[in-house]
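Q: mmCIF, C-alpha atoms, file coords30.cif:
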```
data_final
loop_
_atom_site.label_atom_id
_atom_site.label_comp_id
_atom_site.auth_asym_id
_atom_site.auth_seq_id
_atom_site.Cartn_x
_atom_site.Cartn_y
_atom_site.Cartn_z
CA MET D 1 0.00 0.00 0.00
CA SER D 2 1.25 3.49 -0.83
CA LYS D 3 0.65 6.91 0.64
CA VAL D 4 -0.59 9.63 -1.68
CA ILE D 5 2.19 12.00 -0.68
CA ASP D 6 4.78 9.34 -1.59
CA ILE D 7 3.03 8.72 -4.91
CA ILE D 8 3.20 12.43 -5.70
CA ARG D 9 6.83 12.77 -4.70
CA SER D 10 8.04 9.63 -6.47
CA SER D 11 6.06 9.96 -9.69
CA GLN D 12 8.26 10.84 -12.65
CA HIS D 13 5.29 12.15 -14.61
CA PRO D 14 2.01 13.85 -13.73
CA PHE D 15 -0.91 11.47 -13.32
CA ALA D 16 -4.69 11.46 -13.22
CA SER D 17 -6.66 10.55 -10.11
CA PHE D 18 -10.40 10.28 -9.74
CA GLU D 19 -13.19 10.88 -7.27
CA LEU D 20 -16.36 8.82 -7.03
CA VAL D 21 -19.74 9.38 -5.43
CA PRO D 22 -21.09 6.19 -3.81
CA PRO D 23 -24.39 4.93 -5.23
CA LEU D 24 -27.63 5.71 -3.45
CA LYS D 25 -28.98 3.28 -0.89
CA GLY D 26 -30.94 0.54 -2.61
CA SER D 27 -28.53 0.31 -5.55
CA ASP D 28 -26.63 -2.84 -6.34
CA VAL D 29 -22.88 -2.88 -5.72
CA SER D 30 -22.47 -3.30 -9.48
CA ARG D 31 -23.34 0.42 -9.82
CA LEU D 32 -20.19 1.18 -7.85
CA TYR D 33 -18.06 -1.17 -9.94
CA ASP D 34 -19.51 0.21 -13.18
CA SER D 35 -18.15 3.62 -12.15
CA ILE D 36 -14.68 2.27 -11.44
CA ASP D 37 -14.16 -0.28 -14.23
CA PRO D 38 -13.70 2.28 -17.06
CA LEU D 39 -11.13 4.18 -15.01
CA MET D 40 -8.87 1.17 -14.61
CA GLU D 41 -7.73 1.70 -18.21
CA PHE D 42 -5.54 4.50 -16.85
CA ASN D 43 -4.01 2.54 -13.96
CA PRO D 44 -4.87 5.29 -11.45
CA PRO D 45 -2.53 5.45 -8.45
CA PHE D 46 -5.51 6.19 -6.22
CA ILE D 47 -9.25 6.85 -6.28
CA ASN D 48 -11.10 9.04 -3.79
CA VAL D 49 -14.49 8.03 -2.43
CA THR D 50 -16.74 10.79 -1.13
CA CYS D 51 -18.66 10.60 2.14
CA HIS D 52 -22.08 12.12 2.74
CA ARG D 53 -23.52 12.93 6.12
CA ASP D 54 -26.98 11.77 7.09
CA GLU D 55 -29.74 14.08 5.89
CA VAL D 56 -32.61 15.49 7.90
CA GLU D 57 -36.10 15.48 6.45
CA TYR D 58 -39.44 16.54 7.93
CA VAL D 59 -42.16 14.07 7.06
CA PRO D 60 -45.77 15.34 7.25
CA ASN D 61 -48.19 13.56 9.58
CA SER D 62 -51.94 13.15 9.07
CA ASP D 63 -52.65 15.72 11.80
CA GLY D 64 -50.68 18.43 10.05
CA THR D 65 -47.59 18.13 12.22
CA TYR D 66 -44.18 17.00 11.03
CA THR D 67 -41.83 14.29 12.23
CA LYS D 68 -38.09 14.91 12.02
CA MET D 69 -36.28 11.96 10.44
CA THR D 70 -32.56 11.43 9.96
CA LEU D 71 -31.85 9.45 6.83
CA ALA D 72 -28.68 7.90 5.43
CA LYS D 73 -29.03 8.19 1.66
CA ARG D 74 -25.89 6.20 0.76
CA PRO D 75 -24.01 3.19 2.17
CA GLY D 76 -21.40 3.93 4.83
CA THR D 77 -17.75 4.63 4.11
CA ILE D 78 -16.48 1.37 5.62
CA ALA D 79 -18.83 -0.74 3.50
CA ILE D 80 -17.92 1.14 0.32
CA VAL D 81 -14.18 0.84 0.98
CA ALA D 82 -14.47 -2.89 1.74
CA ALA D 83 -16.47 -3.49 -1.45
CA ILE D 84 -13.87 -1.70 -3.57
CA MET D 85 -10.98 -3.51 -1.90
CA ARG D 86 -12.61 -6.86 -2.60
CA ARG D 87 -12.81 -6.23 -6.35
CA TYR D 88 -9.68 -4.09 -6.82
CA PRO D 89 -7.17 -5.33 -4.20
CA HIS D 90 -4.26 -3.39 -5.70
CA LEU D 91 -6.08 -0.06 -6.01
CA GLU D 92 -5.25 2.61 -3.46
CA ILE D 93 -8.48 3.94 -1.98
CA VAL D 94 -8.73 7.34 -0.35
CA PRO D 95 -11.96 7.69 1.64
CA HIS D 96 -13.27 11.06 2.71
CA VAL D 97 -13.79 11.55 6.44
CA ILE D 98 -16.07 14.42 7.43
CA CYS D 99 -16.81 16.36 10.61
CA GLY D 100 -20.48 16.98 9.81
CA GLY D 101 -23.05 14.88 11.63
CA ALA D 102 -20.59 13.07 13.88
CA SER D 103 -19.06 13.33 17.34
CA ARG D 104 -15.33 13.15 17.82
CA SER D 105 -15.58 9.61 19.16
CA LYS D 106 -17.61 8.48 16.14
CA VAL D 107 -15.03 9.94 13.77
CA GLU D 108 -12.22 8.29 15.72
CA SER D 109 -13.99 4.93 15.50
CA GLU D 110 -14.39 5.34 11.73
CA LEU D 111 -10.71 6.13 11.36
CA LEU D 112 -9.73 3.10 13.43
CA ASP D 113 -12.02 0.91 11.32
CA LEU D 114 -10.28 2.21 8.20
CA HIS D 115 -6.92 1.53 9.80
CA PHE D 116 -7.97 -2.07 10.50
CA LEU D 117 -8.85 -2.42 6.81
CA GLY D 118 -5.33 -1.34 5.90
CA ILE D 119 -6.26 2.12 4.61
CA GLN D 120 -3.36 4.57 4.78
CA ASN D 121 -4.89 7.59 3.08
CA VAL D 122 -7.83 9.82 3.95
CA VAL D 123 -9.12 13.24 2.96
CA ALA D 124 -10.21 15.27 5.99
CA LEU D 125 -13.17 17.56 5.36
CA ARG D 126 -15.55 19.61 7.46
CA GLY D 127 -18.51 18.80 5.24
CA ASP D 128 -21.52 20.88 4.30
CA ALA D 129 -24.38 22.21 6.35
CA ILE D 130 -27.53 20.11 6.26
CA PRO D 131 -30.38 21.36 4.05
CA GLY D 132 -32.21 24.14 5.83
CA GLN D 133 -29.13 25.36 7.68
CA ARG D 134 -27.47 28.43 6.25
CA PHE D 135 -24.14 27.66 7.89
CA PHE D 136 -22.44 24.58 9.22
CA ILE D 137 -23.27 23.64 12.82
CA ALA D 138 -21.07 21.10 14.58
CA GLU D 139 -22.56 18.18 16.46
CA PRO D 140 -22.26 18.13 20.26
CA ASP D 141 -18.68 17.08 20.97
CA GLY D 142 -17.99 17.32 17.26
CA PHE D 143 -15.51 19.24 15.14
CA SER D 144 -16.26 22.76 14.00
CA HIS D 145 -13.32 22.94 11.61
CA SER D 146 -11.46 20.41 9.49
CA SER D 147 -8.17 21.55 11.03
CA GLU D 148 -9.39 19.98 14.29
CA LEU D 149 -10.03 16.71 12.45
CA VAL D 150 -6.55 16.82 10.88
CA GLU D 151 -5.07 17.40 14.33
CA MET D 152 -6.89 14.35 15.72
CA ILE D 153 -5.64 12.17 12.86
CA HIS D 154 -2.13 13.41 13.57
CA GLN D 155 -2.60 12.45 17.22
CA LEU D 156 -3.78 8.95 16.21
CA ASN D 157 -0.66 8.63 14.08
CA GLN D 158 1.25 9.13 17.32
CA GLY D 159 -0.84 6.56 19.19
CA LYS D 160 -2.79 9.18 21.14
CA TYR D 161 -6.50 8.44 21.51
CA LEU D 162 -9.43 10.49 22.76
CA ASP D 163 -9.77 8.10 25.70
CA PRO D 164 -6.95 9.07 28.08
CA THR D 165 -7.05 5.64 29.70
CA VAL D 166 -5.70 4.06 26.50
CA LYS D 167 -2.00 3.63 27.15
CA ASN D 168 0.52 2.64 24.48
CA GLY D 169 -2.21 2.75 21.86
CA LEU D 170 -1.54 1.40 18.40
CA SER D 171 -0.34 4.19 16.10
CA THR D 172 -2.17 4.68 12.83
CA ASP D 173 -0.25 5.73 9.74
CA PHE D 174 -2.57 7.99 7.76
CA CYS D 175 -1.53 10.33 5.00
CA VAL D 176 -3.96 13.26 5.09
CA GLY D 177 -5.27 15.30 2.20
CA VAL D 178 -7.35 18.45 2.64
CA ALA D 179 -9.51 20.63 0.40
CA ALA D 180 -8.84 24.17 -0.80
CA TYR D 181 -10.84 26.75 -2.70
CA PRO D 182 -8.99 28.79 -5.35
CA GLU D 183 -11.97 31.18 -5.46
CA LYS D 184 -12.27 31.13 -1.62
CA HIS D 185 -14.66 29.22 0.59
CA TYR D 186 -18.00 30.98 0.63
CA GLU D 187 -17.92 31.38 4.43
CA ALA D 188 -14.50 33.02 4.53
CA ALA D 189 -14.31 36.80 4.80
CA ASN D 190 -11.74 36.99 2.00
CA LEU D 191 -9.15 34.85 0.23
CA ASP D 192 -6.31 35.84 2.57
CA THR D 193 -8.36 34.69 5.56
CA ASP D 194 -9.24 31.46 3.77
CA ILE D 195 -5.56 30.82 3.07
CA GLN D 196 -4.76 31.27 6.75
CA TYR D 197 -7.38 28.64 7.59
CA LEU D 198 -5.77 26.35 5.02
CA LYS D 199 -2.37 26.98 6.59
CA GLN D 200 -3.81 25.84 9.93
CA LYS D 201 -4.78 22.54 8.31
CA VAL D 202 -1.29 22.08 6.91
CA GLU D 203 0.34 22.96 10.22
CA ALA D 204 -1.98 20.47 11.94
CA GLY D 205 -0.56 17.68 9.76
CA ALA D 206 -2.05 17.78 6.25
CA ASP D 207 0.30 16.28 3.65
CA TYR D 208 -1.20 17.64 0.44
CA ILE D 209 -4.06 19.74 -0.92
CA VAL D 210 -6.74 19.05 -3.55
CA THR D 211 -8.65 22.02 -4.90
CA GLN D 212 -12.34 22.50 -5.50
CA MET D 213 -13.30 22.47 -9.17
CA PHE D 214 -12.60 25.60 -11.22
CA PHE D 215 -12.99 26.50 -14.87
CA ASP D 216 -10.40 29.28 -15.19
CA ASN D 217 -6.82 28.04 -14.77
CA ASN D 218 -5.64 31.52 -13.82
CA GLN D 219 -7.58 31.05 -10.58
CA TYR D 220 -5.42 28.02 -9.78
CA PHE D 221 -2.13 29.63 -10.82
CA ARG D 222 -2.76 32.74 -8.72
CA PHE D 223 -3.95 30.65 -5.81
CA VAL D 224 -0.84 28.44 -5.74
CA ASP D 225 1.36 31.51 -5.96
CA ARG D 226 -0.39 33.02 -2.93
CA LEU D 227 -0.06 29.76 -1.01
CA ARG D 228 3.68 29.67 -1.61
CA LYS D 229 4.03 33.28 -0.48
CA ALA D 230 2.07 32.35 2.67
CA GLY D 231 4.56 29.57 3.41
CA ILE D 232 2.36 26.64 2.34
CA ILE D 233 4.71 24.34 0.43
CA VAL D 234 2.82 21.02 0.29
CA PRO D 235 1.69 19.77 -3.15
CA VAL D 236 -1.49 21.33 -4.55
CA ILE D 237 -3.43 19.07 -6.92
CA PRO D 238 -5.94 20.88 -9.15
CA GLY D 239 -9.44 19.40 -9.21
CA LEU D 240 -11.49 19.51 -12.41
CA LYS D 241 -15.02 18.58 -13.36
CA PRO D 242 -16.14 18.65 -16.99
CA ILE D 243 -19.34 20.59 -17.45
CA SER D 244 -21.97 18.44 -19.16
CA ASN D 245 -25.08 20.52 -19.87
CA GLN D 246 -26.39 24.07 -20.01
CA ARG D 247 -28.22 23.79 -16.68
CA GLN D 248 -24.87 23.62 -14.89
CA ILE D 249 -24.25 27.25 -15.81
CA ASP D 250 -26.67 28.06 -12.99
CA LEU D 251 -26.42 24.95 -10.79
CA LEU D 252 -22.65 24.77 -10.27
CA PRO D 253 -22.18 28.36 -9.03
CA ARG D 254 -25.08 27.90 -6.61
CA SER D 255 -23.91 24.56 -5.27
CA PHE D 256 -20.15 25.11 -5.21
CA HIS D 257 -19.83 28.92 -5.08
CA ILE D 258 -17.58 29.10 -8.13
CA ASP D 259 -17.40 31.35 -11.18
CA ILE D 260 -17.79 30.07 -14.72
CA PRO D 261 -15.83 32.13 -17.27
CA GLN D 262 -17.95 34.16 -19.67
CA ALA D 263 -16.23 32.52 -22.64
CA LEU D 264 -17.48 29.11 -21.50
CA VAL D 265 -20.95 30.43 -20.68
CA SER D 266 -21.24 32.04 -24.13
CA GLU D 267 -20.19 28.88 -25.93
CA LEU D 268 -22.53 26.73 -23.86
CA ARG D 269 -25.49 28.99 -24.61
CA LYS D 270 -24.80 28.53 -28.32
CA THR D 271 -25.15 24.75 -28.13
CA LYS D 272 -28.42 23.42 -29.48
CA THR D 273 -28.31 19.85 -28.16
CA LEU D 274 -27.32 18.05 -24.99
CA GLU D 275 -24.66 16.21 -26.97
CA ALA D 276 -23.10 19.46 -28.16
CA ALA D 277 -22.96 20.86 -24.62
CA TYR D 278 -21.48 17.60 -23.37
CA GLN D 279 -18.77 17.69 -26.05
CA LEU D 280 -17.98 21.33 -25.31
CA GLY D 281 -17.44 20.42 -21.65
CA ILE D 282 -14.97 17.73 -22.68
CA GLU D 283 -13.06 20.09 -24.97
CA TRP D 284 -12.87 22.81 -22.30
CA ALA D 285 -11.54 20.32 -19.72
CA ILE D 286 -8.98 18.98 -22.19
CA ALA D 287 -7.68 22.51 -22.77
CA GLN D 288 -7.62 23.13 -19.01
CA SER D 289 -5.78 19.87 -18.36
CA ARG D 290 -3.15 20.45 -21.00
CA GLU D 291 -2.41 23.96 -19.73
CA LEU D 292 -2.22 22.80 -16.11
CA LEU D 293 0.18 20.00 -17.03
CA ALA D 294 2.30 22.37 -19.12
CA HIS D 295 2.63 24.64 -16.09
CA GLY D 296 3.83 21.88 -13.79
CA ALA D 297 0.74 20.57 -11.99
CA PRO D 298 1.83 17.38 -10.17
CA ALA D 299 -1.43 15.62 -11.05
CA ILE D 300 -5.03 16.36 -11.97
CA HIS D 301 -7.91 15.12 -9.85
CA TYR D 302 -11.14 14.55 -11.79
CA TYR D 303 -14.54 14.73 -10.13
CA THR D 304 -16.50 12.04 -11.96
CA MET D 305 -19.80 12.20 -10.02
CA ALA D 306 -20.13 8.46 -10.91
CA LYS D 307 -20.25 9.31 -14.64
CA THR D 308 -16.96 8.47 -16.25
CA ASP D 309 -17.37 8.57 -20.05
CA ASN D 310 -16.44 12.24 -20.43
CA VAL D 311 -13.59 11.99 -17.94
CA CYS D 312 -12.18 8.97 -19.80
CA GLN D 313 -12.20 10.94 -23.05
CA ILE D 314 -10.33 13.78 -21.39
CA VAL D 315 -7.68 11.60 -19.76
CA ARG D 316 -7.02 9.72 -23.02
CA GLN D 317 -6.20 13.05 -24.68
CA CYS D 318 -4.01 14.42 -21.89
CA PHE D 319 -2.03 11.60 -20.26
#
```
Here is a file; write its structure as C-alpha cells.
A:
Amino acid sequence: MSKVIDIIRSSQHPFASFELVPPLKGSDVSRLYDSIDPLMEFNPPFINVTCHRDEVEYVPNSDGTYTKMTLAKRPGTIAIVAAIMRRYPHLEIVPHVICGGASRSKVESELLDLHFLGIQNVVALRGDAIPGQRFFIAEPDGFSHSSELVEMIHQLNQGKYLDPTVKNGLSTDFCVGVAAYPEKHYEAANLDTDIQYLKQKVEAGADYIVTQMFFDNNQYFRFVDRLRKAGIIVPVIPGLKPISNQRQIDLLPRSFHIDIPQALVSELRKTKTLEAAYQLGIEWAIAQSRELLAHGAPAIHYYTMAKTDNVCQIVRQCF
C-alpha cells in the first residue's frame, strides 16, 4: 500500500486521479463497480471516495404536524471501501472523512475501522451544512473545523486516543489530504483569511491539498502563488469537473460557489443539443488539463460524479 504523498513525490510524470460518489442506498454494488471499471484503463494510483452525512427530512403527519427523520441516503464509508478492496485489491483507496453529523468519538472509530482495513490515506473535510441550515453547525462534541479533524488524525498517528485511559495505543499511519478553494470558501471573509485557515490545516498535519473544481486556470495559478508566499509548500493538486449541460451554468455556481468564465458560458449557450454541450465540456476540460500539465501541476484530480465517459475521453487526450 502506498501513501498519496509518496506517490506524488516519487512519480516521474504527472498522473490522473479520480473521485467517485457512492451509489444511493438501494442500488446494487455493481453500480459502484460500473463507475470504477472504465477508469482502470488509466491505472490510477488512487481513487477518492466521497462521504455524505446523514440528511434530515421533515415528514408530514396526518394531523398536520411534522416528524423529524434522519436518513442515510448512501451506504457507509467502511462498506464502500471494503467493497472496492474486494474487487480491486491493488487499487489505493482514499476515503473522505467528514466532521459533519458526527461526534469526535464516532469519527475516531471510523478512522480506526479504516486503519484495521489497511487504509493509509484519507481526505479530511468539514462537510456541508444540512439542508435548511445556512451555515455549518457542529454536532455536540464534534468538530467545528477540518483543522481539528486533521489534528486528531495526527494524534492517532502518534498513538494518542481520545480516551486518556488508552496507554501505548496502536499508532495509525494515515496520509492526510485536505480541500482548498482557489476562489475562496464561501464562508471566509476573503481569500487571505481562507488561506490562513488552510495553513492551519497544513500545520496540523495535512500532507497535500486538492482544490475545489474551477474553470479558469488563472484562478489556480494565482492561488498556488499566494499559497507559496504564505509559506504553504505542500503539493497542490488541481481538481477539475467537466461541465456536461447548459443547466450547470446556474447549478454549479449555486452549489459550489464558483465562477464560470464568460467565454465558457457564451459557448454553452450557443449549443443546441445536450450532446453538443457535453462535447464542449470535454473540450474545455482537455484545454484546461493540457495547460495545467504544461505549467507543472503534479497531477489532476477529476470529479467524476459516478459518470466516467467524459472523464475517460479527457484523460485519453491528456495523459
Q: Could you tell me which of D:Met213, D:Ile7, D:Cys51, D:Leu293 comes closest to Pro22 (chain D) if we count all atoms listed in the file?
A: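 Using all atoms listed in the file, Pro22 (chain D) sits closest to D:Cys51.
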Q: Anything within 9 Å of (-3.3, 5.3, -23.8): list those residues as a PyMOL selection string, counting all atoms listed in the file and sticking to the file's coordinates.
A: chain D and resi 41-42+315-317+319
Q: Between CA of Ser244 (chain D) and CA of Arg31 (chain D), what is the distance, to one decimal in Å?
A: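 Those two atoms sit 20.3 Å apart.
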Q: Pick from D:Lys241, D:Arg87, D:His145, D:Lys160: nearest to Cys99 (chain D), with only C-alpha atoms counted?
A: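 Of D:Lys241, D:Arg87, D:His145, D:Lys160, the one nearest Cys99 (chain D), counting only C-alpha atoms, is D:His145.
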Q: If you count only C-alpha atoms, which residues fall within 9 Å of region 15-19 of chain D, apart from same-chain ones fewer than 3 positions away, as a VMD selection string?
A: chain D and resid 8 11 39 42 to 50 94 298 to 306 311 315 319
Q: Quick one: residues within 6 Å of Tyr208 (chain D), all atoms listed in the file counted, chain neighbours fewer than 4 positions away excluded, as an MDAnalysis selection string?
A: chainID D and resid 177 234:235
